[in-house]
$ cat model_38.tsv   # TSV, N, CA and C atoms
chain	number	residue	atom	x	y	z
A	1	MET	N	-2.12	-14.67	-1.48
A	1	MET	CA	-3.54	-14.95	-1.64
A	1	MET	C	-4.07	-14.14	-2.82
A	2	VAL	N	-4.96	-14.74	-3.54
A	2	VAL	CA	-5.56	-14.10	-4.70
A	2	VAL	C	-7.05	-13.90	-4.41
A	3	ASP	N	-7.48	-12.63	-4.38
A	3	ASP	CA	-8.89	-12.33	-4.19
A	3	ASP	C	-9.67	-12.66	-5.45
A	4	GLN	N	-10.92	-13.04	-5.28
A	4	GLN	CA	-11.83	-13.24	-6.40
A	4	GLN	C	-12.79	-12.05	-6.41
A	5	VAL	N	-12.77	-11.28	-7.49
A	5	VAL	CA	-13.54	-10.04	-7.56
A	5	VAL	C	-14.45	-10.07	-8.77
A	6	ARG	N	-15.73	-9.86	-8.55
A	6	ARG	CA	-16.68	-9.74	-9.67
A	6	ARG	C	-16.42	-8.40	-10.37
A	7	PRO	N	-16.72	-8.30	-11.66
A	7	PRO	CA	-16.47	-7.06	-12.40
A	7	PRO	C	-17.07	-5.81	-11.73
A	8	ASN	N	-18.27	-5.92	-11.21
A	8	ASN	CA	-18.90	-4.75	-10.58
A	8	ASN	C	-18.24	-4.34	-9.27
A	9	ASP	N	-17.45	-5.22	-8.68
A	9	ASP	CA	-16.78	-4.92	-7.42
A	9	ASP	C	-15.32	-4.50	-7.59
A	10	LEU	N	-14.87	-4.43	-8.83
A	10	LEU	CA	-13.46	-4.13	-9.10
A	10	LEU	C	-13.04	-2.76	-8.58
A	11	ASP	N	-13.84	-1.74	-8.80
A	11	ASP	CA	-13.46	-0.39	-8.36
A	11	ASP	C	-13.28	-0.34	-6.85
A	12	ALA	N	-14.18	-0.98	-6.12
A	12	ALA	CA	-14.07	-1.00	-4.65
A	12	ALA	C	-12.83	-1.77	-4.21
A	13	TRP	N	-12.52	-2.88	-4.90
A	13	TRP	CA	-11.32	-3.64	-4.55
A	13	TRP	C	-10.07	-2.80	-4.77
A	14	ILE	N	-9.99	-2.11	-5.92
A	14	ILE	CA	-8.82	-1.26	-6.20
A	14	ILE	C	-8.69	-0.17	-5.14
A	15	ALA	N	-9.79	0.46	-4.80
A	15	ALA	CA	-9.77	1.52	-3.78
A	15	ALA	C	-9.29	0.96	-2.43
A	16	ALA	N	-9.74	-0.23	-2.08
A	16	ALA	CA	-9.35	-0.84	-0.80
A	16	ALA	C	-7.86	-1.19	-0.77
A	17	GLN	N	-7.26	-1.37	-1.94
A	17	GLN	CA	-5.84	-1.70	-2.03
A	17	GLN	C	-4.96	-0.45	-2.03
A	18	GLY	N	-5.57	0.71	-2.06
A	18	GLY	CA	-4.81	1.95	-2.09
A	18	GLY	C	-4.86	2.68	-3.41
A	19	GLY	N	-5.69	2.20	-4.34
A	19	GLY	CA	-5.86	2.88	-5.62
A	19	GLY	C	-4.75	2.61	-6.61
A	20	ASN	N	-4.79	3.33	-7.75
A	20	ASN	CA	-3.82	3.20	-8.83
A	20	ASN	C	-3.66	1.75	-9.29
A	21	GLY	N	-4.78	1.09	-9.53
A	21	GLY	CA	-4.76	-0.31	-9.91
A	21	GLY	C	-4.54	-0.54	-11.39
A	22	VAL	N	-4.16	-1.77	-11.68
A	22	VAL	CA	-3.92	-2.23	-13.05
A	22	VAL	C	-4.84	-3.41	-13.31
A	23	VAL	N	-5.49	-3.41	-14.45
A	23	VAL	CA	-6.15	-4.61	-14.95
A	23	VAL	C	-5.20	-5.21	-15.96
A	24	LEU	N	-4.73	-6.41	-15.64
A	24	LEU	CA	-3.79	-7.13	-16.49
A	24	LEU	C	-4.59	-8.13	-17.32
A	25	ASP	N	-4.79	-7.80	-18.59
A	25	ASP	CA	-5.53	-8.67	-19.50
A	25	ASP	C	-4.55	-9.66	-20.11
A	26	VAL	N	-4.73	-10.95	-19.80
A	26	VAL	CA	-3.77	-11.97	-20.22
A	26	VAL	C	-4.25	-12.77	-21.43
A	27	ARG	N	-5.26	-12.26	-22.13
A	27	ARG	CA	-5.77	-12.96	-23.31
A	27	ARG	C	-4.84	-12.76	-24.51
A	28	GLU	N	-5.05	-13.57	-25.52
A	28	GLU	CA	-4.25	-13.53	-26.75
A	28	GLU	C	-4.69	-12.36	-27.63
A	29	PRO	N	-3.80	-11.91	-28.54
A	29	PRO	CA	-4.12	-10.76	-29.40
A	29	PRO	C	-5.45	-10.89	-30.15
A	30	GLN	N	-5.76	-12.07	-30.68
A	30	GLN	CA	-7.01	-12.22	-31.43
A	30	GLN	C	-8.22	-12.05	-30.50
A	31	GLU	N	-8.08	-12.43	-29.24
A	31	GLU	CA	-9.17	-12.22	-28.28
A	31	GLU	C	-9.33	-10.73	-27.96
A	32	LEU	N	-8.22	-10.04	-27.86
A	32	LEU	CA	-8.28	-8.60	-27.61
A	32	LEU	C	-8.97	-7.87	-28.75
A	33	ARG	N	-8.76	-8.35	-29.98
A	33	ARG	CA	-9.43	-7.74	-31.12
A	33	ARG	C	-10.93	-7.99	-31.08
A	34	ALA	N	-11.34	-9.12	-30.53
A	34	ALA	CA	-12.77	-9.45	-30.44
A	34	ALA	C	-13.47	-8.60	-29.38
A	35	ALA	N	-12.79	-8.33	-28.28
A	35	ALA	CA	-13.41	-7.57	-27.18
A	35	ALA	C	-12.32	-7.10	-26.23
A	36	SER	N	-12.50	-5.90	-25.72
A	36	SER	CA	-11.57	-5.36	-24.74
A	36	SER	C	-12.33	-4.44	-23.80
A	37	VAL	N	-11.78	-4.26	-22.60
A	37	VAL	CA	-12.41	-3.36	-21.65
A	37	VAL	C	-11.74	-2.00	-21.74
A	38	PRO	N	-12.52	-0.94	-21.69
A	38	PRO	CA	-11.91	0.39	-21.68
A	38	PRO	C	-11.40	0.72	-20.27
A	39	PRO	N	-10.24	1.35	-20.15
A	39	PRO	CA	-9.75	1.75	-18.83
A	39	PRO	C	-10.76	2.68	-18.16
A	40	GLN	N	-11.21	2.30	-16.99
A	40	GLN	CA	-12.22	3.07	-16.25
A	40	GLN	C	-11.78	3.18	-14.80
A	41	GLY	N	-10.88	4.11	-14.50
A	41	GLY	CA	-10.39	4.24	-13.14
A	41	GLY	C	-9.25	3.29	-12.83
A	42	PHE	N	-8.66	2.69	-13.86
A	42	PHE	CA	-7.52	1.79	-13.70
A	42	PHE	C	-6.70	1.85	-14.98
A	43	GLU	N	-5.46	1.41	-14.87
A	43	GLU	CA	-4.59	1.27	-16.04
A	43	GLU	C	-4.85	-0.10	-16.65
A	44	LEU	N	-4.95	-0.17	-17.96
A	44	LEU	CA	-5.11	-1.45	-18.65
A	44	LEU	C	-3.78	-1.84	-19.26
A	45	LEU	N	-3.32	-3.04	-18.93
A	45	LEU	CA	-2.08	-3.57	-19.47
A	45	LEU	C	-2.40	-4.93	-20.08
A	46	THR	N	-1.95	-5.16	-21.31
A	46	THR	CA	-2.21	-6.43	-21.98
A	46	THR	C	-0.90	-7.18	-22.19
A	47	ILE	N	-0.83	-8.36	-21.55
A	47	ILE	CA	0.32	-9.26	-21.72
A	47	ILE	C	-0.25	-10.66	-21.83
A	48	PRO	N	-0.11	-11.32	-22.97
A	48	PRO	CA	-0.62	-12.70	-23.08
A	48	PRO	C	-0.04	-13.59	-21.98
A	49	MET	N	-0.85	-14.51	-21.50
A	49	MET	CA	-0.47	-15.36	-20.38
A	49	MET	C	0.93	-15.95	-20.52
A	50	ASN	N	1.25	-16.50	-21.67
A	50	ASN	CA	2.54	-17.17	-21.83
A	50	ASN	C	3.73	-16.22	-21.86
A	51	GLU	N	3.48	-14.91	-22.00
A	51	GLU	CA	4.55	-13.92	-22.01
A	51	GLU	C	4.80	-13.31	-20.64
A	52	VAL	N	3.91	-13.55	-19.69
A	52	VAL	CA	4.03	-12.91	-18.37
A	52	VAL	C	5.37	-13.21	-17.70
A	53	PRO	N	5.85	-14.47	-17.65
A	53	PRO	CA	7.14	-14.69	-16.98
A	53	PRO	C	8.29	-13.85	-17.55
A	54	ALA	N	8.36	-13.75	-18.86
A	54	ALA	CA	9.45	-13.00	-19.50
A	54	ALA	C	9.28	-11.49	-19.34
A	55	ARG	N	8.05	-11.05	-19.07
A	55	ARG	CA	7.78	-9.61	-18.99
A	55	ARG	C	7.44	-9.17	-17.56
A	56	LEU	N	7.81	-9.98	-16.59
A	56	LEU	CA	7.50	-9.72	-15.19
A	56	LEU	C	7.99	-8.35	-14.73
A	57	ALA	N	9.11	-7.91	-15.25
A	57	ALA	CA	9.69	-6.62	-14.85
A	57	ALA	C	8.80	-5.43	-15.24
A	58	GLU	N	7.83	-5.64	-16.14
A	58	GLU	CA	6.92	-4.57	-16.52
A	58	GLU	C	5.85	-4.31	-15.47
A	59	LEU	N	5.76	-5.21	-14.49
A	59	LEU	CA	4.73	-5.10	-13.45
A	59	LEU	C	5.34	-4.63	-12.14
A	60	ASP	N	4.59	-3.83	-11.41
A	60	ASP	CA	5.03	-3.30	-10.12
A	60	ASP	C	4.43	-4.16	-9.01
A	61	PRO	N	5.26	-4.85	-8.23
A	61	PRO	CA	4.72	-5.73	-7.19
A	61	PRO	C	3.99	-4.99	-6.07
A	62	ASP	N	4.14	-3.68	-6.00
A	62	ASP	CA	3.45	-2.90	-4.96
A	62	ASP	C	2.11	-2.33	-5.44
A	63	GLN	N	1.81	-2.50	-6.72
A	63	GLN	CA	0.58	-1.96	-7.30
A	63	GLN	C	-0.51	-3.02	-7.30
A	64	PRO	N	-1.76	-2.64	-7.00
A	64	PRO	CA	-2.86	-3.61	-7.10
A	64	PRO	C	-3.02	-4.07	-8.55
A	65	ILE	N	-3.08	-5.39	-8.74
A	65	ILE	CA	-3.22	-5.96	-10.08
A	65	ILE	C	-4.41	-6.91	-10.08
A	66	ALA	N	-5.34	-6.66	-10.97
A	66	ALA	CA	-6.49	-7.56	-11.17
A	66	ALA	C	-6.30	-8.22	-12.53
A	67	CYS	N	-6.20	-9.54	-12.54
A	67	CYS	CA	-5.96	-10.29	-13.77
A	67	CYS	C	-7.29	-10.63	-14.44
A	68	LEU	N	-7.30	-10.54	-15.77
A	68	LEU	CA	-8.52	-10.72	-16.56
A	68	LEU	C	-8.22	-11.63	-17.75
A	69	CYS	N	-9.14	-12.56	-18.02
A	69	CYS	CA	-9.08	-13.36	-19.25
A	69	CYS	C	-10.51	-13.54	-19.76
A	70	HIS	N	-10.78	-14.60	-20.49
A	70	HIS	CA	-12.11	-14.79	-21.06
A	70	HIS	C	-13.14	-15.19	-20.00
A	71	HIS	N	-12.83	-16.23	-19.22
A	71	HIS	CA	-13.78	-16.69	-18.19
A	71	HIS	C	-13.19	-16.73	-16.79
A	72	GLY	N	-11.90	-16.54	-16.61
A	72	GLY	CA	-11.30	-16.48	-15.29
A	72	GLY	C	-10.28	-17.56	-14.97
A	73	GLY	N	-10.13	-18.57	-15.81
A	73	GLY	CA	-9.18	-19.64	-15.54
A	73	GLY	C	-7.73	-19.25	-15.75
A	74	ARG	N	-7.43	-18.71	-16.92
A	74	ARG	CA	-6.04	-18.30	-17.20
A	74	ARG	C	-5.61	-17.18	-16.27
A	75	SER	N	-6.51	-16.23	-16.04
A	75	SER	CA	-6.15	-15.11	-15.18
A	75	SER	C	-5.88	-15.57	-13.75
A	76	GLN	N	-6.60	-16.59	-13.28
A	76	GLN	CA	-6.33	-17.15	-11.95
A	76	GLN	C	-4.93	-17.75	-11.91
A	77	ARG	N	-4.54	-18.47	-12.95
A	77	ARG	CA	-3.20	-19.06	-12.97
A	77	ARG	C	-2.12	-17.96	-13.00
A	78	VAL	N	-2.35	-16.90	-13.76
A	78	VAL	CA	-1.38	-15.80	-13.79
A	78	VAL	C	-1.30	-15.13	-12.42
A	79	ALA	N	-2.43	-14.91	-11.79
A	79	ALA	CA	-2.43	-14.28	-10.46
A	79	ALA	C	-1.67	-15.15	-9.46
A	80	MET	N	-1.85	-16.46	-9.53
A	80	MET	CA	-1.13	-17.36	-8.63
A	80	MET	C	0.38	-17.32	-8.92
A	81	PHE	N	0.75	-17.23	-10.20
A	81	PHE	CA	2.16	-17.09	-10.57
A	81	PHE	C	2.72	-15.80	-9.99
A	82	LEU	N	1.98	-14.70	-10.12
A	82	LEU	CA	2.45	-13.43	-9.57
A	82	LEU	C	2.60	-13.51	-8.06
A	83	ALA	N	1.66	-14.15	-7.40
A	83	ALA	CA	1.74	-14.31	-5.94
A	83	ALA	C	3.01	-15.07	-5.55
A	84	SER	N	3.36	-16.08	-6.33
A	84	SER	CA	4.57	-16.85	-6.02
A	84	SER	C	5.85	-16.09	-6.32
A	85	ASN	N	5.70	-14.93	-6.97
A	85	ASN	CA	6.86	-14.09	-7.29
A	85	ASN	C	6.85	-12.78	-6.50
A	86	GLY	N	6.18	-12.77	-5.36
A	86	GLY	CA	6.26	-11.63	-4.46
A	86	GLY	C	5.19	-10.57	-4.60
A	87	PHE	N	4.25	-10.74	-5.50
A	87	PHE	CA	3.17	-9.77	-5.63
A	87	PHE	C	2.12	-10.09	-4.56
A	88	SER	N	1.56	-9.06	-3.94
A	88	SER	CA	0.63	-9.32	-2.84
A	88	SER	C	-0.75	-8.72	-3.03
A	89	LYS	N	-0.88	-7.69	-3.81
A	89	LYS	CA	-2.18	-7.04	-4.03
A	89	LYS	C	-2.77	-7.57	-5.33
A	90	LEU	N	-3.35	-8.78	-5.24
A	90	LEU	CA	-3.79	-9.48	-6.44
A	90	LEU	C	-5.25	-9.86	-6.38
A	91	ALA	N	-5.88	-9.79	-7.55
A	91	ALA	CA	-7.25	-10.28	-7.69
A	91	ALA	C	-7.38	-10.97	-9.04
A	92	ASN	N	-8.31	-11.90	-9.08
A	92	ASN	CA	-8.73	-12.51	-10.33
A	92	ASN	C	-10.12	-11.95	-10.62
A	93	VAL	N	-10.33	-11.43	-11.82
A	93	VAL	CA	-11.67	-10.95	-12.19
A	93	VAL	C	-12.50	-12.20	-12.49
A	94	ALA	N	-13.32	-12.56	-11.52
A	94	ALA	CA	-14.12	-13.78	-11.59
A	94	ALA	C	-15.12	-13.69	-12.74
A	95	GLY	N	-15.09	-14.69	-13.59
A	95	GLY	CA	-15.99	-14.71	-14.75
A	95	GLY	C	-15.41	-14.05	-15.98
A	96	GLY	N	-14.26	-13.38	-15.82
A	96	GLY	CA	-13.55	-12.80	-16.94
A	96	GLY	C	-14.31	-11.72	-17.71
A	97	ILE	N	-13.87	-11.51	-18.94
A	97	ILE	CA	-14.48	-10.48	-19.76
A	97	ILE	C	-15.92	-10.84	-20.13
A	98	ASP	N	-16.24	-12.13	-20.11
A	98	ASP	CA	-17.61	-12.55	-20.37
A	98	ASP	C	-18.53	-12.00	-19.27
A	99	ALA	N	-18.12	-12.15	-18.02
A	99	ALA	CA	-18.90	-11.60	-16.91
A	99	ALA	C	-18.89	-10.08	-16.95
A	100	TRP	N	-17.76	-9.49	-17.37
A	100	TRP	CA	-17.65	-8.04	-17.49
A	100	TRP	C	-18.77	-7.53	-18.40
A	101	SER	N	-18.94	-8.19	-19.54
A	101	SER	CA	-19.97	-7.78	-20.49
A	101	SER	C	-21.37	-7.96	-19.90
A	102	ARG	N	-21.61	-9.06	-19.22
A	102	ARG	CA	-22.93	-9.34	-18.66
A	102	ARG	C	-23.25	-8.47	-17.45
A	103	GLU	N	-22.25	-8.17	-16.62
A	103	GLU	CA	-22.50	-7.53	-15.34
A	103	GLU	C	-22.14	-6.05	-15.27
A	104	ARG	N	-21.16	-5.62	-16.02
A	104	ARG	CA	-20.65	-4.26	-15.85
A	104	ARG	C	-20.82	-3.36	-17.07
A	105	ASP	N	-20.55	-3.89	-18.26
A	105	ASP	CA	-20.57	-3.05	-19.44
A	105	ASP	C	-21.06	-3.86	-20.65
A	106	PRO	N	-22.36	-3.82	-20.94
A	106	PRO	CA	-22.88	-4.62	-22.03
A	106	PRO	C	-22.40	-4.19	-23.42
A	107	SER	N	-21.70	-3.04	-23.51
A	107	SER	CA	-21.15	-2.63	-24.80
A	107	SER	C	-19.91	-3.46	-25.16
A	108	VAL	N	-19.34	-4.17	-24.20
A	108	VAL	CA	-18.20	-5.05	-24.47
A	108	VAL	C	-18.74	-6.32	-25.12
A	109	PRO	N	-18.32	-6.62	-26.35
A	109	PRO	CA	-18.84	-7.80	-27.03
A	109	PRO	C	-18.53	-9.09	-26.29
A	110	ARG	N	-19.47	-10.03	-26.38
A	110	ARG	CA	-19.24	-11.38	-25.86
A	110	ARG	C	-18.82	-12.27	-27.02
A	111	TYR	N	-17.95	-13.20	-26.76
A	111	TYR	CA	-17.49	-14.13	-27.81
A	111	TYR	C	-17.32	-15.51	-27.24

$ encode --input "model_38.tsv" --output "structure tokens"
Amino acid sequence: MVDQVRPNDLDAWIAAQGGNGVVLDVREPQELRAASVPPQGFELLTIPMNEVPARLAELDPDQPIACLCHHGGRSQRVAMFLASNGFSKLANVAGGIDAWSRERDPSVPRY
């Protein structure tokens, strides 16, 4: 199952999972250059969506992982892929980095 977590609720979700969470940003490099979230109580890992299958070993299936993209569609697909590969502590950051900028940190540029 993949939880849907709004940006402002991410810290509480990570804490409820046992802490030491990862935000997995699955956007492309040019998107990362346009806007990125600063690690705030979580580890930030950037792996473009299409590279996730080949780089699966870089992720810990026991660690809480919240997937992030621009609006939430790609990150939802990655989270579902991870769930089908044995990961259980998963969330999709609903609304993506766009919602992050509007709801949590307005210093993050919108694009």

$ atom_distance --input "model_38.tsv" --atom1 "CA of Ala79 in chain A" --atom2 "CA of Asp62 in chain A"
13.9 Å

$ closest_residue --input "model_38.tsv" --among "A:Val5, A:Met49, A:Leu82, A:Leu32" --to "Gly95 in chain A" --atoms "all atoms listed in the file"
A:Val5

$ closest_residue --input "model_38.tsv" --among "A:Asp11, A:Glu58, A:Glu103, A:Glu43" --to "Val23 in chain A" --atoms "only C-alpha atoms"
A:Glu43

$ atom_distance --input "model_38.tsv" --atom1 "atom C of Asn8 in chain A" --atom2 "atom N of Ala94 in chain A"
9.8 Å

$ residues_around --input "model_38.tsv" --residues "Ile47 in chain A" --least-positions-apart "5" --cutoff "6.5 Å" --atoms "all atoms listed in the file" --output "list in words"
Leu24, Asp25, Val26, Arg27 and Val52 of chain A

$ select_by_dssp --input "model_38.tsv" --residues "chain A" --states "helix (DSSP H, G or I)" --output "PyMOL selection string"
chain A and resi 7-16+29-34+49-51+53-58+73-84+96-104
